[in-house]
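Next comes start.pdb, a file with PDB, C-alpha atoms.
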ATOM      1  CA  MET A   1     151.727  82.016  83.029  1.00  0.00           C
ATOM      2  CA  ARG A   2     150.513  82.344  86.630  1.00  0.00           C
ATOM      3  CA  ALA A   3     147.884  84.870  85.523  1.00  0.00           C
ATOM      4  CA  ILE A   4     146.340  82.228  83.284  1.00  0.00           C
ATOM      5  CA  LEU A   5     146.763  79.256  85.618  1.00  0.00           C
ATOM      6  CA  GLY A   6     144.552  80.653  88.414  1.00  0.00           C
ATOM      7  CA  PRO A   7     141.457  81.262  86.276  1.00  0.00           C
ATOM      8  CA  LEU A   8     141.915  77.905  84.537  1.00  0.00           C
ATOM      9  CA  VAL A   9     141.950  76.110  87.896  1.00  0.00           C
ATOM     10  CA  ILE A  10     138.800  77.952  88.974  1.00  0.00           C
ATOM     11  CA  VAL A  11     137.023  77.118  85.699  1.00  0.00           C
ATOM     12  CA  GLY A  12     138.107  73.496  86.037  1.00  0.00           C
ATOM     13  CA  LEU A  13     136.747  73.277  89.593  1.00  0.00           C
ATOM     14  CA  LEU A  14     133.460  74.861  88.549  1.00  0.00           C
ATOM     15  CA  PHE A  15     133.154  72.352  85.701  1.00  0.00           C
ATOM     16  CA  VAL A  16     133.811  69.434  88.061  1.00  0.00           C
ATOM     17  CA  LEU A  17     131.195  70.716  90.523  1.00  0.00           C
ATOM     18  CA  TRP A  18     128.695  71.205  87.712  1.00  0.00           C
ATOM     19  CA  ALA A  19     129.351  67.667  86.433  1.00  0.00           C
ATOM     20  CA  ILE A  20     128.912  66.181  89.913  1.00  0.00           C
ATOM     21  CA  PHE A  21     125.659  67.956  90.699  1.00  0.00           C
ATOM     22  CA  MET A  22     123.967  68.080  87.301  1.00  0.00           C
ATOM     23  CA  ARG A  23     125.118  64.870  85.661  1.00  0.00           C
ATOM     24  CA  GLY A  24     122.582  62.088  85.519  1.00  0.00           C
ATOM     25  CA  ASN A  25     119.590  64.320  86.213  1.00  0.00           C
ATOM     26  CA  PRO A  26     118.233  65.242  82.783  1.00  0.00           C
ATOM     27  CA  GLY A  27     114.824  66.468  83.842  1.00  0.00           C
ATOM     28  CA  GLY A  28     115.707  69.161  86.331  1.00  0.00           C
ATOM     29  CA  ILE A  29     113.799  67.325  89.063  1.00  0.00           C
ATOM     30  CA  SER A  30     115.112  66.950  92.572  1.00  0.00           C
ATOM     31  CA  PHE A  31     117.833  64.406  93.172  1.00  0.00           C
ATOM     32  CA  SER A  32     115.608  62.405  95.518  1.00  0.00           C
ATOM     33  CA  ARG A  33     112.876  62.087  92.855  1.00  0.00           C
ATOM     34  CA  TYR A  34     115.472  61.189  90.242  1.00  0.00           C
ATOM     35  CA  ALA A  35     116.844  58.536  92.596  1.00  0.00           C
ATOM     36  CA  GLN A  36     113.297  57.109  92.880  1.00  0.00           C
ATOM     37  CA  PHE A  37     113.096  57.000  89.084  1.00  0.00           C
ATOM     38  CA  SER A  38     116.514  55.341  88.820  1.00  0.00           C
ATOM     39  CA  ARG A  39     115.470  52.534  91.175  1.00  0.00           C
ATOM     40  CA  LEU A  40     112.371  51.623  89.152  1.00  0.00           C
ATOM     41  CA  ALA A  41     112.368  48.479  87.059  1.00  0.00           C
ATOM     42  CA  PRO A  42     111.976  48.853  83.298  1.00  0.00           C
ATOM     43  CA  PRO A  43     110.005  49.818  81.388  1.00  0.00           C
ATOM     44  CA  LYS A  44     110.167  53.359  82.704  1.00  0.00           C
ATOM     45  CA  LEU A  45     109.950  56.905  81.376  1.00  0.00           C
ATOM     46  CA  LEU A  46     111.106  60.258  82.672  1.00  0.00           C
ATOM     47  CA  TYR A  47     109.176  62.885  80.750  1.00  0.00           C
ATOM     48  CA  SER A  48     108.039  66.486  80.748  1.00  0.00           C
ATOM     49  CA  CYS A  49     104.636  67.781  79.737  1.00  0.00           C
ATOM     50  CA  THR A  50     104.393  71.469  78.821  1.00  0.00           C
ATOM     51  CA  ARG A  51     100.921  73.022  78.910  1.00  0.00           C
ATOM     52  CA  LYS A  52      99.663  76.464  77.951  1.00  0.00           C
ATOM     53  CA  PRO A  53      96.304  77.970  78.912  1.00  0.00           C
ATOM     54  CA  THR A  54      93.502  77.138  76.491  1.00  0.00           C
ATOM     55  CA  ALA A  55      92.433  79.605  73.812  1.00  0.00           C
ATOM     56  CA  ASP A  56      89.116  80.076  75.654  1.00  0.00           C
ATOM     57  CA  THR A  57      90.942  81.079  78.816  1.00  0.00           C
ATOM     58  CA  VAL A  58      93.140  83.566  76.945  1.00  0.00           C
ATOM     59  CA  THR A  59      90.099  85.020  75.132  1.00  0.00           C
ATOM     60  CA  ARG A  60      88.218  85.367  78.426  1.00  0.00           C
ATOM     61  CA  LYS A  61      91.221  87.145  79.957  1.00  0.00           C
ATOM     62  CA  ALA A  62      91.422  89.553  76.989  1.00  0.00           C
ATOM     63  CA  ARG A  63      87.667  90.277  77.225  1.00  0.00           C
ATOM     64  CA  GLU A  64      87.883  90.945  80.955  1.00  0.00           C
ATOM     65  CA  CYS A  65      90.753  93.319  80.314  1.00  0.00           C
ATOM     66  CA  GLY A  66      88.856  95.024  77.470  1.00  0.00           C
ATOM     67  CA  ALA A  67      85.743  95.415  79.632  1.00  0.00           C
ATOM     68  CA  SER A  68      87.821  97.344  82.148  1.00  0.00           C
ATOM     69  CA  GLY A  69      88.601  99.940  79.447  1.00  0.00           C
ATOM     70  CA  ARG A  70      92.355  99.370  79.279  1.00  0.00           C
ATOM     71  CA  SER A  71      94.218  99.264  75.980  1.00  0.00           C
ATOM     72  CA  GLY A  72      96.696  96.634  74.816  1.00  0.00           C
ATOM     73  CA  CYS A  73      94.598  93.771  76.141  1.00  0.00           C
ATOM     74  CA  ASP A  74      95.403  91.385  73.297  1.00  0.00           C
ATOM     75  CA  GLN A  75      99.130  91.707  73.920  1.00  0.00           C
ATOM     76  CA  GLU A  76      98.599  91.470  77.669  1.00  0.00           C
ATOM     77  CA  ALA A  77      96.589  88.246  77.224  1.00  0.00           C
ATOM     78  CA  TYR A  78      99.280  86.819  74.923  1.00  0.00           C
ATOM     79  CA  ASP A  79     102.023  87.700  77.411  1.00  0.00           C
ATOM     80  CA  TRP A  80      99.958  86.161  80.211  1.00  0.00           C
ATOM     81  CA  ARG A  81      99.555  82.964  78.175  1.00  0.00           C
ATOM     82  CA  GLU A  82     103.317  82.656  77.695  1.00  0.00           C
ATOM     83  CA  ALA A  83     103.996  83.461  81.367  1.00  0.00           C
ATOM     84  CA  SER A  84     101.381  80.939  82.519  1.00  0.00           C
ATOM     85  CA  THR A  85     102.911  78.054  80.573  1.00  0.00           C
ATOM     86  CA  GLU A  86     103.585  75.157  82.949  1.00  0.00           C
ATOM     87  CA  THR A  87     106.099  72.361  82.528  1.00  0.00           C
ATOM     88  CA  THR A  88     105.887  69.388  84.837  1.00  0.00           C
ATOM     89  CA  VAL A  89     108.467  66.637  84.985  1.00  0.00           C
ATOM     90  CA  GLU A  90     107.139  63.227  85.965  1.00  0.00           C
ATOM     91  CA  PHE A  91     108.077  59.606  85.654  1.00  0.00           C
ATOM     92  CA  ALA A  92     106.091  56.482  84.969  1.00  0.00           C
ATOM     93  CA  SER A  93     106.865  52.811  85.270  1.00  0.00           C
ATOM     94  CA  GLY A  94     105.180  49.697  83.999  1.00  0.00           C
ATOM     95  CA  ALA A  95     106.717  47.730  86.887  1.00  0.00           C
ATOM     96  CA  GLY A  96     106.843  44.678  84.667  1.00  0.00           C
ATOM     97  CA  GLN A  97     103.083  44.843  84.049  1.00  0.00           C
ATOM     98  CA  SER A  98     103.202  46.538  80.648  1.00  0.00           C
ATOM     99  CA  THR A  99     105.524  47.077  77.700  1.00  0.00           C
ATOM    100  CA  TYR A 100     107.418  50.246  76.903  1.00  0.00           C
ATOM    101  CA  ASP A 101     105.030  51.013  74.014  1.00  0.00           C
ATOM    102  CA  GLU A 102     101.962  50.652  76.251  1.00  0.00           C
ATOM    103  CA  LEU A 103     103.557  52.912  78.867  1.00  0.00           C
ATOM    104  CA  LEU A 104     104.461  55.527  76.250  1.00  0.00           C
ATOM    105  CA  THR A 105     100.933  55.447  74.811  1.00  0.00           C
ATOM    106  CA  GLU A 106      99.458  55.967  78.287  1.00  0.00           C
ATOM    107  CA  VAL A 107     101.796  58.884  79.027  1.00  0.00           C
ATOM    108  CA  LYS A 108     101.044  60.505  75.645  1.00  0.00           C
ATOM    109  CA  ARG A 109      97.308  60.182  76.256  1.00  0.00           C
ATOM    110  CA  ASP A 110      97.616  61.684  79.742  1.00  0.00           C
ATOM    111  CA  CYS A 111      99.700  64.634  78.520  1.00  0.00           C
ATOM    112  CA  ALA A 112      97.327  65.277  75.596  1.00  0.00           C
ATOM    113  CA  MET A 113      94.300  65.758  77.870  1.00  0.00           C
ATOM    114  CA  ASP A 114      93.153  69.252  78.863  1.00  0.00           C
ATOM    115  CA  ARG A 115      93.505  70.028  82.570  1.00  0.00           C
ATOM    116  CA  GLY A 116      91.054  72.677  83.692  1.00  0.00           C
ATOM    117  CA  SER A 117      92.094  75.981  82.112  1.00  0.00           C
ATOM    118  CA  MET A 118      95.284  74.415  80.756  1.00  0.00           C
ATOM    119  CA  GLY A 119      95.240  72.941  77.268  1.00  0.00           C
ATOM    120  CA  ASP A 120      96.722  69.749  75.948  1.00  0.00           C
ATOM    121  CA  GLY A 121     100.396  69.313  76.603  1.00  0.00           C
ATOM    122  CA  GLU A 122     103.512  68.782  74.576  1.00  0.00           C
ATOM    123  CA  LEU A 123     105.316  65.618  75.657  1.00  0.00           C
ATOM    124  CA  LYS A 124     109.084  65.330  75.733  1.00  0.00           C
ATOM    125  CA  VAL A 125     110.733  62.066  76.793  1.00  0.00           C
ATOM    126  CA  LEU A 126     113.822  62.911  78.860  1.00  0.00           C
ATOM    127  CA  GLU A 127     115.015  59.415  79.686  1.00  0.00           C
ATOM    128  CA  ALA A 128     113.642  55.969  78.983  1.00  0.00           C
ATOM    129  CA  ALA A 129     114.393  52.324  79.631  1.00  0.00           C
ATOM    130  CA  GLY A 130     112.340  49.603  77.992  1.00  0.00           C
ATOM    131  CA  ASN A 131     112.383  45.857  77.795  1.00  0.00           C
TER     132      ASN A 131
END

The structure given in the file should be rewritten as structure tokens.
Amino acid sequence: MRAILGPLVIVGLLFVLWAIFMRGNPGGISFSRYAQFSRLAPPKLLYSCTRKPTADTVTRKARECGASGRSGCDQEAYDWREASTETTVEFASGAGQSTYDELLTEVKRDCAMDRGSMGDGELKVLEAAGN
């Protein structure tokens, strides 16, 4: 019985620590930024926007690789595209000036815009409070 009790206590403590430090922070942002988000008045959104490099950027990278005479450039460009994918976690608030729907529309529009060599993003709402 003692052989089982020790590991169970350790697992229980690890679970408690995980719950304390990870609970209430769905976006993986720092606790200070999440605290800022928590203090905002509704409507508010905590969201992530995941962007991949544009097709033109990937094609240019494959051509540059091909011009150097190396083989496997298409796969290298594809792997680079996956490795270069960026996910940013942000929050937005209407601060009583707009509705939840207006705020969501604005965030969707912002995430859908190309940013330099990065294409349009995929929006994921992590936490929301509306009025």

To one decimal in Å, tell me the separation between CA of Arg63 (chain A) and CA of Ala83 (chain A).
18.2 Å

Identify the residues within 12 Å of coordinate (112.8, 66.3, 86.8) (same frame as the file), considering all atoms listed in the file, and give the answer as a PyMOL selection string.
chain A and resi 22+24-38+45-49+87-91+124-127

Distance in Å - CA of Ala62 (chain A) versus CA of Ala77 (chain A):
5.3 Å

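The list of residues with at least one atom within 6 Å of Gly121 (chain A), based on all atoms listed in the file and without residues fewer than 2 positions apart in the same chain, reads Cys49, Thr50, Arg51, Cys111 and Ala112 of chain A.
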
Which residues are near Lys44 (chain A)? Cut-off 7 Å, all atoms listed in the file, ignore same chain within fewer than 4 positions. Put them as a PDB file with C-alpha atoms, keeping the file's coordinate frame.
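This went into result_20.pdb:
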ATOM      1  CA  ALA A  92     106.091  56.482  84.969  1.00  0.00           C
ATOM      2  CA  SER A  93     106.865  52.811  85.270  1.00  0.00           C
ATOM      3  CA  GLY A  94     105.180  49.697  83.999  1.00  0.00           C
ATOM      4  CA  ALA A 128     113.642  55.969  78.983  1.00  0.00           C
ATOM      5  CA  ALA A 129     114.393  52.324  79.631  1.00  0.00           C
ATOM      6  CA  GLY A 130     112.340  49.603  77.992  1.00  0.00           C
TER       7      GLY A 130
END

Take the PyMOL selection byres ((chain A and resi 61) around 9), apply it to the structure above, and return the hits as a VMD selection string.
chain A and resid 56 to 60 62 to 66 73 to 74 76 to 77 80

Find the residue from A:Ser84, A:Ser71, A:Ser98, A:Thr105 that sits nearest to Leu123 (chain A); use all atoms listed in the file when measuring.
A:Thr105

For CA of Ala41 (chain A) and CA of Leu103 (chain A), the interatomic separation in Å (one decimal):
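We find that CA of Ala41 (chain A) and CA of Leu103 (chain A) lie 12.8 Å from each other.
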
Written as a compact mmCIF listing (two decimals) with C-alpha atoms, in the coordinates of the input, which residues does the PyMOL selection byres ((chain A and resi 115-119) around 6) give for the file shown?
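Output saved as expr-v2.txt:
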# COMPACT_ATOMS: atom_id res chain seq x y z
CA ARG A 51 100.92 73.02 78.91
CA LYS A 52 99.66 76.46 77.95
CA PRO A 53 96.30 77.97 78.91
CA THR A 54 93.50 77.14 76.49
CA ASP A 114 93.15 69.25 78.86
CA ASP A 120 96.72 69.75 75.95

Would you mind putting all heavy atoms back on region 99-110 of chain A and writing the result as a tab-separated table (two decimals), in the frame of the given file?
chain	number	residue	atom	x	y	z
A	99	THR	N	104.36	46.88	78.55
A	99	THR	CA	105.52	47.08	77.70
A	99	THR	C	105.85	48.56	77.63
A	99	THR	O	105.05	49.41	78.02
A	99	THR	CB	105.25	46.55	76.28
A	99	THR	OG1	104.24	47.36	75.67
A	99	THR	CG2	104.84	45.09	76.29
A	100	TYR	N	107.00	48.86	77.08
A	100	TYR	CA	107.42	50.25	76.90
A	100	TYR	C	106.42	50.99	76.02
A	100	TYR	O	106.03	52.11	76.32
A	100	TYR	CB	108.83	50.30	76.29
A	100	TYR	CG	109.26	51.69	75.93
A	100	TYR	CD1	109.73	52.56	76.91
A	100	TYR	CD2	109.17	52.15	74.62
A	100	TYR	CE1	110.11	53.85	76.58
A	100	TYR	CE2	109.55	53.43	74.29
A	100	TYR	CZ	110.03	54.28	75.28
A	100	TYR	OH	110.40	55.56	74.96
A	101	ASP	N	105.98	50.36	74.93
A	101	ASP	CA	105.03	51.01	74.01
A	101	ASP	C	103.70	51.32	74.70
A	101	ASP	O	103.12	52.38	74.48
A	101	ASP	CB	104.80	50.15	72.77
A	101	ASP	CG	106.02	50.09	71.88
A	101	ASP	OD1	106.83	51.03	71.92
A	101	ASP	OD2	106.17	49.09	71.15
A	102	GLU	N	103.21	50.41	75.52
A	102	GLU	CA	101.96	50.65	76.25
A	102	GLU	C	102.14	51.80	77.24
A	102	GLU	O	101.25	52.66	77.38
A	102	GLU	CB	101.53	49.39	77.01
A	102	GLU	CG	101.09	48.26	76.12
A	102	GLU	CD	100.90	46.95	76.86
A	102	GLU	OE1	101.42	46.79	77.97
A	102	GLU	OE2	100.22	46.07	76.29
A	103	LEU	N	103.28	51.84	77.91
A	103	LEU	CA	103.56	52.91	78.87
A	103	LEU	C	103.65	54.26	78.16
A	103	LEU	O	103.07	55.24	78.61
A	103	LEU	CB	104.86	52.60	79.62
A	103	LEU	CG	105.23	53.51	80.77
A	103	LEU	CD1	104.19	53.44	81.88
A	103	LEU	CD2	106.59	53.10	81.32
A	104	LEU	N	104.33	54.30	77.02
A	104	LEU	CA	104.46	55.53	76.25
A	104	LEU	C	103.11	56.00	75.75
A	104	LEU	O	102.80	57.20	75.81
A	104	LEU	CB	105.43	55.33	75.09
A	104	LEU	CG	105.71	56.56	74.22
A	104	LEU	CD1	106.30	57.69	75.06
A	104	LEU	CD2	106.64	56.19	73.08
A	105	THR	N	102.27	55.09	75.28
A	105	THR	CA	100.93	55.45	74.81
A	105	THR	C	100.11	56.05	75.94
A	105	THR	O	99.41	57.06	75.76
A	105	THR	CB	100.22	54.20	74.23
A	105	THR	OG1	100.99	53.70	73.15
A	105	THR	CG2	98.82	54.54	73.76
A	106	GLU	N	100.19	55.46	77.13
A	106	GLU	CA	99.46	55.97	78.29
A	106	GLU	C	99.93	57.37	78.68
A	106	GLU	O	99.12	58.26	78.95
A	106	GLU	CB	99.65	55.01	79.46
A	106	GLU	CG	98.91	55.41	80.71
A	106	GLU	CD	99.17	54.42	81.85
A	106	GLU	OE1	99.27	53.21	81.59
A	106	GLU	OE2	99.28	54.89	82.99
A	107	VAL	N	101.24	57.58	78.67
A	107	VAL	CA	101.80	58.88	79.03
A	107	VAL	C	101.40	59.93	77.99
A	107	VAL	O	101.04	61.06	78.34
A	107	VAL	CB	103.34	58.78	79.19
A	107	VAL	CG1	103.98	60.13	79.25
A	107	VAL	CG2	103.69	57.97	80.42
A	108	LYS	N	101.46	59.58	76.71
A	108	LYS	CA	101.04	60.50	75.64
A	108	LYS	C	99.58	60.90	75.80
A	108	LYS	O	99.23	62.08	75.68
A	108	LYS	CB	101.25	59.87	74.26
A	108	LYS	CG	102.66	59.86	73.78
A	108	LYS	CD	102.73	59.23	72.40
A	108	LYS	CE	104.13	59.19	71.87
A	108	LYS	NZ	104.21	58.53	70.55
A	109	ARG	N	98.73	59.92	76.09
A	109	ARG	CA	97.31	60.18	76.26
A	109	ARG	C	97.07	61.11	77.45
A	109	ARG	O	96.28	62.05	77.37
A	109	ARG	CB	96.55	58.87	76.42
A	109	ARG	CG	95.05	59.04	76.50
A	109	ARG	CD	94.27	57.73	76.55
A	109	ARG	NE	94.87	56.73	77.43
A	109	ARG	CZ	95.32	55.54	77.03
A	109	ARG	NH1	95.27	55.20	75.76
A	109	ARG	NH2	95.84	54.69	77.89
A	110	ASP	N	97.78	60.86	78.55
A	110	ASP	CA	97.62	61.68	79.74
A	110	ASP	C	98.07	63.12	79.49
A	110	ASP	O	97.41	64.07	79.90
A	110	ASP	CB	98.40	61.08	80.90
A	110	ASP	CG	98.16	61.81	82.20
A	110	ASP	OD1	96.98	62.00	82.57
A	110	ASP	OD2	99.16	62.21	82.85
